[in-house]
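Worksheet for the structure shown next.
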Amino acid sequence: MKLKAQQLFIICCFLFAACLGQVKFPEQEKDPNFWRSWAQRTLQNALTLQQLNQNRAKNLILFLGDGMGIPTVTAARILKGQLSGQSGEETQLEMEKFPHVALSKTYNTNAQVADSAGTATAFLCGVKANEGTVGVSAAAVRSQCNTSRGNEVTSILKWAKDAGKSVGVVTTTRINHATPSAAYAHSVDRDWYSDNEMPAEALQAGCKDIARQLFENIPNIDVILGGGRKYMYPKNTPDMEYPNIGKHNGTRNDGRNLVKEWVDKMKDKKGHYVWNKSQLLSLNPGSVNYLLGLFEPTDLMYDLERNQDTEPSLTEMVEMAIKILRKNPNGFYLLVEGGRIDHAHHEGKAKLSLYDAVEMDRSIGRAGLLTSEFDTMTVVTADHSHVFSFGGYTHRGNSIFGLAPMVSDVDQKPYTAITYGNGPGYKVVNGARENVSTINYEEAHYKAQSAVPLSSETHGGEDVAVFARGPMAHLLHGVHEQNYIPHVMAYAACIGSNTAHCSGQSGTAAVRPVLSGVVAVLAVTQLLC
């Protein structure tokens, strides 16, 4: 009886403390007319969508939040609002302003819970594939070089390039990581970053490493921005930024300097190579036709920890890419990956992940200002989810990284709203769950508690959201297989195999510049308001 009384006292004290720190919701929300008026405005906006945008898409942009499942989107929304002094729940992400939303089924051909290589092949090449493979069909077997030949599949980036458009890849990971590599490479193993990571038998059989394929498979990719410097240089070549750190040295066994080869090839074509922020931002996009930027030996830094003097943000890279690519009168295709959302989730570090998600959303807003939804189709999605969640009946305005308002009724200890189904955050102290009130659970590298101990948290298997805006965006609706996405984008732009419907789409060309300007003004007004 005494023990139960103590437990009740602990719970009451915790609830009282939580209530004291509770953010009060706006007074206007007590009025039913506030919600009715908001709903009516939303309804009127929805009615305008009955007039479908069936223009031909001059430009295509795909934003891919790696590991950005729906719980991550919701948590990023709250964080974005809280960073601007709001309670967060009522905030709207840039991607959430898109008028058309669908769900994507993410499974690989041989996996219920997908990996990023097989999914990238789906949303870039239009066919589902096996986990661990990029740019090859499901007939190819992971790590077996002899199964790759004849099973290569091309990506929408190549379809766009073949149609005369400019193309670009921007990522916060190494440029030869799973997602970006599916845009240009055909590899039965996503980990074959350079020839140093490949088995001898694969090299002897004629398979190429992914870094080499970046420069050889699709000649003259117009913009390449990300990390992965060390895979481009001969083995033991010191890195220009970290010359005294051995792990950042070049890895190539073939002795090739892929960066120098690119520079020599592009020096008379207005090509520029950069490796830091100041070099990137000093460029005049009007005088640049080709751009290669490699800002780290491997992946870029998490945005929360990024050196803002030396390393560009995703938004800054996206802005430069669009300003270069949009000079082509035929338009462009751009793949943008917020890749480290995924990496931080694997580490159980939700704060790093969500800050990267907010930064990717910021880059979506910037892209919207630089383009027009009249002639630019923009799609935002994820390759897969994670076993990340937040709950615990938290109060309105509770820090997204904060504690639930009551302690556990089983072990009488507090817990954070954010938890993982599995991962490195599982910790037992003196035979019991760690008491999180004794540590700094809002610190950037705090590993949120998990139910199952694993050294690396896993992907989640549920569907992910697809947000779409621009020409033919209404074709993304309901629940789709993930490989449907590039087919819709190709159809909108009349590239690849989707061209039969395109002959009658040129009749309104004369009014497009006017409407494009109007849409751009409306977009700026919406952001400022």
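Ordered as shown in the structure tokens, chains take letters A, B, and onward, while each chain numbers its residues from 1 and ligands are numbered from 1 in the order shown.
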
Helix (DSSP H, G or I) positions in stretch 344-515 of chain A, given as a VMD selection string: chain A and resid 344 to 346 350 to 370 436 to 438 473 to 475 484 to 493 509 to 515

For the contact check between stretch 12-112 of chain A and stretch 374-381 of chain A, emit one row per residue of stretch 12-112 of chain A within 6 Å, containing the shortest atom pair and the distance in Å rounded to one decimal, counting only C-alpha atoms, chain then rising number order, as CSV.
residue,atom,partner,partner_atom,distance
A:Ala57,CA,A:Asp375,CA,4.8
A:Lys58,CA,A:Asp375,CA,5.3
A:Asn59,CA,A:Thr376,CA,4.6
A:Leu60,CA,A:Met377,CA,5.0
A:Ile61,CA,A:Thr378,CA,4.7
A:Leu62,CA,A:Val379,CA,4.9
A:Phe63,CA,A:Val380,CA,4.6
A:Leu64,CA,A:Thr381,CA,5.2

Would you mind listing what lies within 10 Å of A:Pro99 as a VMD selection string, with only C-alpha atoms counted and same-chain residues fewer than 4 positions away left out? chain A and resid 45 to 46 49 95 467 to 470 473 to 474

Env of A:Tyr290: 7 Å cut, atoms = only C-alpha atoms, seq-sep filter 4 positions within chain, self excluded. Answer as a PyMOL selection string. chain A and resi 222-223+270-272

The selected residues should be written to file as a short mmCIF file (atom, residue, chain, number, x, y, z; two decimals), in the first residue's frame (atoms: all heavy atoms).
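Saved the output as again.cif:
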data_model
loop_
_atom_site.label_atom_id
_atom_site.label_comp_id
_atom_site.auth_asym_id
_atom_site.auth_seq_id
_atom_site.Cartn_x
_atom_site.Cartn_y
_atom_site.Cartn_z
N ASP A 222 25.17 17.81 -65.91
CA ASP A 222 25.45 19.24 -65.82
C ASP A 222 25.85 19.70 -64.43
O ASP A 222 26.74 20.54 -64.28
CB ASP A 222 24.23 20.01 -66.31
CG ASP A 222 23.85 19.65 -67.73
OD1 ASP A 222 23.16 18.62 -67.91
OD2 ASP A 222 24.25 20.35 -68.66
N VAL A 223 25.18 19.19 -63.39
CA VAL A 223 25.47 19.61 -62.01
C VAL A 223 25.56 18.38 -61.12
O VAL A 223 24.66 17.54 -61.11
CB VAL A 223 24.39 20.57 -61.47
CG1 VAL A 223 24.64 20.87 -60.00
CG2 VAL A 223 24.34 21.86 -62.28
N LYS A 270 33.20 25.73 -69.88
CA LYS A 270 32.69 26.47 -68.72
C LYS A 270 32.34 25.53 -67.57
O LYS A 270 31.31 25.66 -66.92
CB LYS A 270 31.48 27.32 -69.11
CG LYS A 270 31.78 28.43 -70.10
CD LYS A 270 30.56 29.29 -70.36
CE LYS A 270 30.89 30.42 -71.33
NZ LYS A 270 29.70 31.29 -71.59
N GLY A 271 33.24 24.58 -67.34
CA GLY A 271 33.08 23.65 -66.24
C GLY A 271 33.89 24.10 -65.03
O GLY A 271 35.01 24.59 -65.18
N HIS A 272 33.32 23.94 -63.83
CA HIS A 272 34.00 24.38 -62.60
C HIS A 272 33.93 23.27 -61.55
O HIS A 272 32.87 22.66 -61.35
CB HIS A 272 33.36 25.64 -62.05
CG HIS A 272 33.52 26.85 -62.91
ND1 HIS A 272 34.48 27.81 -62.73
CD2 HIS A 272 32.81 27.25 -64.02
CE1 HIS A 272 34.38 28.75 -63.64
NE2 HIS A 272 33.37 28.43 -64.44
#

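Between atom CA of A:Asn151 and atom CA of A:Phe332 the separation is 27.1 Å.
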
Which neighbours of A:Lys277 fall inside 8 Å, counting only C-alpha atoms, when residues of the same chain fewer than 3 positions from it are skipped, and could you give them as an MDAnalysis selection string? chainID A and resid 280:281 295 309:312

Wanna dump the stretch 375-463 of chain A-stretch 343-357 of chain A contacts at 6 Å for me, each residue with its shortest atom pair and the distance in Å to one decimal, counting only C-alpha atoms, ordered by chain and number, as JSON lines?
{"residue": "A:Ala444", "atom": "CA", "partner": "A:Lys351", "partner_atom": "CA", "distance": 5.5}
{"residue": "A:His445", "atom": "CA", "partner": "A:Lys349", "partner_atom": "CA", "distance": 5.6}
{"residue": "A:Tyr446", "atom": "CA", "partner": "A:Lys349", "partner_atom": "CA", "distance": 5.8}
{"residue": "A:Lys447", "atom": "CA", "partner": "A:Gly348", "partner_atom": "CA", "distance": 4.7}
{"residue": "A:Ala448", "atom": "CA", "partner": "A:Gly348", "partner_atom": "CA", "distance": 5.7}
{"residue": "A:Ser456", "atom": "CA", "partner": "A:His346", "partner_atom": "CA", "distance": 5.1}
{"residue": "A:Glu457", "atom": "CA", "partner": "A:His346", "partner_atom": "CA", "distance": 4.4}

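For the pair atom CA of A:Gly135 and atom CA of A:Gly150, the separation is 11.4 Å.
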
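Among the candidates A:Ser143, A:Thr133, A:Ser148, A:Thr91, the one nearest to A:Ser181 when counting only C-alpha atoms is A:Thr133.
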
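Proximity ranking of A:Thr251, A:Asn220, A:Ser437, A:Ser385 relative to A:Asp463 places A:Ser385 first, based on only C-alpha atoms.
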